[in-house]
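Participant: Contents of data-v7.txt (compact mmCIF, C-alpha atoms) are given next:
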# COMPACT_ATOMS: atom_id res chain seq x y z
CA THR O 4 19.53 -26.74 -0.73
CA ASP O 5 21.27 -26.59 -4.09
CA MET O 6 17.96 -26.03 -5.88
CA GLN O 7 17.10 -23.01 -3.71
CA ALA O 8 20.57 -21.57 -4.30
CA ALA O 9 20.17 -22.02 -8.06
CA ILE O 10 16.78 -20.28 -7.99
CA GLY O 11 18.25 -17.46 -5.88
CA CYS O 12 21.13 -16.98 -8.33
CA ALA O 13 18.72 -16.90 -11.28
CA GLN O 14 16.60 -14.28 -9.48
CA LEU O 15 19.67 -12.14 -8.74
CA GLU O 16 20.46 -12.01 -12.46
CA ARG O 17 17.06 -10.31 -12.92
CA LEU O 18 17.34 -7.98 -9.91
CA GLU O 19 17.69 -4.79 -11.94
CA GLU O 20 14.68 -5.76 -14.06
CA PHE O 21 12.61 -6.44 -10.91
CA ILE O 22 13.63 -3.14 -9.34
CA ALA O 23 12.76 -1.23 -12.51
CA ALA O 24 9.34 -2.92 -12.70
CA ARG O 25 8.57 -2.07 -9.05
CA LYS O 26 9.55 1.55 -9.64
CA ASP O 27 7.48 1.73 -12.82
CA ASN O 28 4.42 0.29 -11.07
CA PHE O 29 4.87 2.69 -8.17
CA ALA O 30 5.15 5.63 -10.58
CA ALA O 31 1.98 4.56 -12.44
CA LEU O 32 0.00 4.43 -9.18
CA GLN O 33 1.46 7.75 -8.01
CA ALA O 34 0.56 9.50 -11.26
CA ALA O 35 -2.97 8.09 -11.49
CA LEU O 36 -3.92 8.52 -7.82
CA LYS O 37 -2.50 12.05 -7.51
CA GLN O 38 -5.88 13.44 -8.60
CA TYR O 39 -7.41 11.97 -5.41
CA GLU O 40 -5.00 13.57 -2.95
CA ASP O 41 -7.88 15.53 -1.47
CA ARG O 42 -9.12 12.15 -0.16
CA LEU O 43 -5.96 10.05 -0.02
CA ILE O 44 -2.51 10.57 1.45
CA LEU O 45 -0.02 9.11 -1.02
CA PRO O 46 3.54 7.97 -0.31
CA ARG O 47 6.65 9.81 -1.33
CA ALA O 48 10.29 8.92 -1.00
CA THR O 49 12.42 10.75 1.50
CA GLU O 50 14.84 13.29 0.14
CA LYS O 51 17.93 11.80 -1.51
CA SER O 52 16.47 8.28 -1.57
CA ASP O 53 15.57 6.09 -4.51
CA PRO O 54 13.65 3.13 -3.06
CA ALA O 55 12.61 -0.05 -4.80
CA TRP O 56 9.16 -0.03 -3.24
CA PHE O 57 7.60 -3.24 -1.87
CA GLY O 58 4.10 -1.78 -1.96
CA PHE O 59 2.17 1.43 -2.45
CA PRO O 60 0.88 2.60 0.95
CA ILE O 61 -2.29 4.73 0.93
CA THR O 62 -3.95 6.51 3.84
CA VAL O 63 -7.60 7.49 3.55
CA ARG O 64 -8.02 11.02 4.87
CA THR O 65 -10.37 11.48 7.82
CA ASP O 66 -12.64 13.77 5.81
CA ALA O 67 -12.58 11.65 2.62
CA GLY O 68 -16.27 10.72 2.83
CA PHE O 69 -15.46 7.00 2.94
CA THR O 70 -13.36 4.65 5.05
CA ARG O 71 -10.36 2.50 4.30
CA ASN O 72 -12.55 -0.58 4.71
CA GLU O 73 -15.11 0.71 2.20
CA LEU O 74 -12.39 1.37 -0.36
CA THR O 75 -10.55 -1.90 0.19
CA ARG O 76 -13.80 -3.89 0.09
CA VAL O 77 -14.55 -2.55 -3.41
CA LEU O 78 -10.98 -3.07 -4.58
CA GLU O 79 -11.02 -6.66 -3.29
CA GLU O 80 -14.39 -7.30 -4.97
CA ARG O 81 -12.73 -6.21 -8.21
CA GLN O 82 -9.84 -8.66 -7.59
CA VAL O 83 -7.34 -5.97 -6.54
CA GLU O 84 -5.46 -7.35 -3.55
CA THR O 85 -5.00 -5.01 -0.61
CA ARG O 86 -3.26 -5.42 2.73
CA ASN O 87 -3.61 -3.42 5.89
CA LEU O 88 -0.32 -2.01 7.07
CA PHE O 89 0.99 -3.87 10.09
CA CYS O 90 2.46 -0.95 11.89
CA GLY O 91 1.08 2.18 13.41
CA ASN O 92 -0.20 1.73 16.93
CA LEU O 93 0.83 -1.82 17.74
CA LEU O 94 -0.99 -1.51 21.05
CA ARG O 95 -4.23 -1.76 19.02
CA HIS O 96 -3.29 -5.20 17.65
CA PRO O 97 -4.57 -8.24 19.54
CA ALA O 98 -1.11 -9.83 19.67
CA TYR O 99 0.07 -7.00 21.91
CA GLU O 100 -2.94 -6.91 24.23
CA GLY O 101 -1.94 -6.85 27.88
CA ILE O 102 1.81 -6.34 27.38
CA ARG O 103 3.72 -4.08 29.72
CA HIS O 104 4.35 -0.80 27.99
CA ARG O 105 4.78 2.93 28.33
CA VAL O 106 3.08 5.50 26.09
CA ALA O 107 4.44 8.97 25.35
CA GLY O 108 1.63 11.22 24.12
CA GLU O 109 -1.64 10.47 22.38
CA LEU O 110 -0.27 8.38 19.46
CA ALA O 111 -2.79 10.08 17.16
CA ASN O 112 -0.73 9.58 13.99
CA THR O 113 -0.08 5.94 14.77
CA ASP O 114 -3.83 5.43 15.22
CA VAL O 115 -4.42 7.00 11.79
CA ILE O 116 -2.01 4.50 10.24
CA THR O 117 -3.59 1.61 12.12
CA ASN O 118 -7.13 2.56 11.12
CA ASP O 119 -6.82 4.28 7.74
CA THR O 120 -3.75 2.95 5.90
CA PHE O 121 -3.44 0.01 3.50
CA PHE O 122 -1.26 -0.88 0.56
CA VAL O 123 -1.50 -2.38 -2.87
CA GLY O 124 1.36 -4.25 -4.43
CA VAL O 125 3.89 -3.08 -6.96
CA TYR O 126 5.04 -6.66 -7.66
CA PRO O 127 7.17 -6.87 -10.82
CA GLY O 128 4.66 -9.30 -12.37
CA ILE O 129 2.01 -6.57 -12.55
CA ARG O 130 1.90 -5.71 -16.23
CA ALA O 131 0.01 -3.03 -18.14
CA PRO O 132 -3.38 -4.85 -18.27
CA GLN O 133 -3.33 -5.57 -14.53
CA MET O 134 -2.23 -2.02 -13.71
CA ALA O 135 -4.98 -0.61 -15.94
CA HIS O 136 -7.53 -2.75 -14.08
CA MET O 137 -6.20 -1.59 -10.70
CA LEU O 138 -6.33 2.07 -11.72
CA GLU O 139 -9.84 1.70 -13.18
CA SER O 140 -10.94 0.06 -9.93
CA PHE O 141 -9.76 3.09 -7.95
CA ALA O 142 -11.41 5.42 -10.49
CA ALA O 143 -14.72 3.53 -10.33
CA PHE O 144 -14.78 3.79 -6.55
CA MET O 145 -13.89 7.48 -6.60
CA ARG O 146 -16.64 8.24 -9.13
CA GLU O 147 -19.14 6.82 -6.65
CA HIS O 148 -17.67 8.71 -3.69
Would you mind giving the structure from this file in structure tokens?

Facilitator:
Amino acid sequence: TDMQAAIGCAQLERLEEFIAARKDNFAALQAALKQYEDRLILPRATEKSDPAWFGFPITVRTDAGFTRNELTRVLEERQVETRNLFCGNLLRHPAYEGIRHRVAGELANTDVITNDTFFVGVYPGIRAPQMAHMLESFAAFMREH
């Protein structure tokens, strides 16, 4: 419709601002969570890329002393939205149960992603107070674990 097109055009005018905000939010999470890399696997861009991240994917290390679900439960209780990553070993998802397929190898890394990875948003509307709350929520959990 004409209204949707008008909204889309208005959003495009702010595209650079949105991209910058996503990158800033990603950088804030990267800097603050770096101290927990002994327990978390953090994302990094591939060489020669400069992504405008959709989210900040985090994998809980096997020997972290806690699980993804324990961490995300506390974050959610503190009003920090999390999402499991819909990728990894799709054969573990109920929607793909019973499909014809072929497997090459053990799929160990895809199982790690399925079981231990989640993401938090880097939405451009996350401002300094919300980011501070998100980072304090991670810190509070890590102090207890």

Participant: Residues at most 12 Å from segment 75-80 of chain O, counting only C-alpha atoms, excluding those fewer than 2 positions away in the same chain, as a ChimeraX atom specification?

Facilitator: /O:61-63,69-73,82-87,119-123,136-145,147-148

Participant: What does the file look like for those residues with C-alpha atoms, as an mmCIF file, in the coordinates of the input?

Facilitator:
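Final file, selection.cif:
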data_model
loop_
_atom_site.group_PDB
_atom_site.id
_atom_site.type_symbol
_atom_site.label_atom_id
_atom_site.label_comp_id
_atom_site.auth_asym_id
_atom_site.auth_seq_id
_atom_site.Cartn_x
_atom_site.Cartn_y
_atom_site.Cartn_z
ATOM 1 C CA ILE O 61 -2.290 4.730 0.930
ATOM 2 C CA THR O 62 -3.950 6.510 3.840
ATOM 3 C CA VAL O 63 -7.600 7.490 3.550
ATOM 4 C CA PHE O 69 -15.460 7.000 2.940
ATOM 5 C CA THR O 70 -13.360 4.650 5.050
ATOM 6 C CA ARG O 71 -10.360 2.500 4.300
ATOM 7 C CA ASN O 72 -12.550 -0.580 4.710
ATOM 8 C CA GLU O 73 -15.110 0.710 2.200
ATOM 9 C CA GLN O 82 -9.840 -8.660 -7.590
ATOM 10 C CA VAL O 83 -7.340 -5.970 -6.540
ATOM 11 C CA GLU O 84 -5.460 -7.350 -3.550
ATOM 12 C CA THR O 85 -5.000 -5.010 -0.610
ATOM 13 C CA ARG O 86 -3.260 -5.420 2.730
ATOM 14 C CA ASN O 87 -3.610 -3.420 5.890
ATOM 15 C CA ASP O 119 -6.820 4.280 7.740
ATOM 16 C CA THR O 120 -3.750 2.950 5.900
ATOM 17 C CA PHE O 121 -3.440 0.010 3.500
ATOM 18 C CA PHE O 122 -1.260 -0.880 0.560
ATOM 19 C CA VAL O 123 -1.500 -2.380 -2.870
ATOM 20 C CA HIS O 136 -7.530 -2.750 -14.080
ATOM 21 C CA MET O 137 -6.200 -1.590 -10.700
ATOM 22 C CA LEU O 138 -6.330 2.070 -11.720
ATOM 23 C CA GLU O 139 -9.840 1.700 -13.180
ATOM 24 C CA SER O 140 -10.940 0.060 -9.930
ATOM 25 C CA PHE O 141 -9.760 3.090 -7.950
ATOM 26 C CA ALA O 142 -11.410 5.420 -10.490
ATOM 27 C CA ALA O 143 -14.720 3.530 -10.330
ATOM 28 C CA PHE O 144 -14.780 3.790 -6.550
ATOM 29 C CA MET O 145 -13.890 7.480 -6.600
ATOM 30 C CA GLU O 147 -19.140 6.820 -6.650
ATOM 31 C CA HIS O 148 -17.670 8.710 -3.690
#

Participant: For each of O:Ala35, O:Leu88, O:Ala55, O:Leu45, take the minimum atom-to-atom distance to Pro127 of chain O, counting all atoms listed in the file, then give the residue where this is smallest.

Facilitator: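 Ranked by minimum distance to Pro127 of chain O, first place goes to O:Ala55.
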
Participant: I'd like the interatomic distance between atom CA of Glu109 of chain O and atom CA of Asp66 of chain O, to a tenth of an Å.

Facilitator: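 Taking atom CA of Glu109 of chain O as the start and atom CA of Asp66 of chain O as the end point, the length is 20.2 Å.
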
Participant: Neighbours of Phe21 of chain O within 9 Å (all atoms listed in the file; same-chain residues fewer than 3 positions away dropped), as a VMD selection string?

Facilitator: chain O and resid 14 17 to 18 24 to 26 55 126 to 128

Participant: Measuring atom to atom with only C-alpha atoms, identify which of O:Cys90, O:Val106, O:Leu15, O:Ala48 is nearest to Gln33 of chain O.

Facilitator: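 Of the candidates, the smallest distance to Gln33 of chain O is held by O:Ala48.
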
Participant: When you count all atoms listed in the file, which of these residues is closest to Gly68 of chain O: O:Arg42, O:Arg95, O:Arg81, O:Arg130?

Facilitator: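 Ranking O:Arg42, O:Arg95, O:Arg81, O:Arg130 by distance to Gly68 of chain O, first place goes to O:Arg42.
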
Participant: Between atom CA of Arg64 of chain O and atom CA of Asn112 of chain O, what is the spacing in Å?

Facilitator: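 Value for the atom CA of Asn112 of chain O-atom CA of Arg64 of chain O distance: 11.8 Å.
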
Participant: Between atom CA of Lys37 of chain O and atom CA of Ile129 of chain O, what is the distance, to one decimal in Å?

Facilitator: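 About the pair atom CA of Lys37 of chain O and atom CA of Ile129 of chain O: they are 19.8 Å apart.
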
Participant: I need the residue nearest Arg146 of chain O from this list: O:Leu94, O:Ile10, O:Leu74, O:Ala107. Use only C-alpha atoms for the distance.

Facilitator: O:Leu74

Participant: Under the rule that all atoms listed in the file are counted, which of O:Phe59, O:Ser52, O:Glu100, O:Asn92 is the nearest residue to Asp114 of chain O?

Facilitator: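 Checking each of O:Phe59, O:Ser52, O:Glu100, O:Asn92 against Asp114 of chain O, counting all atoms listed in the file, the winner is O:Asn92.
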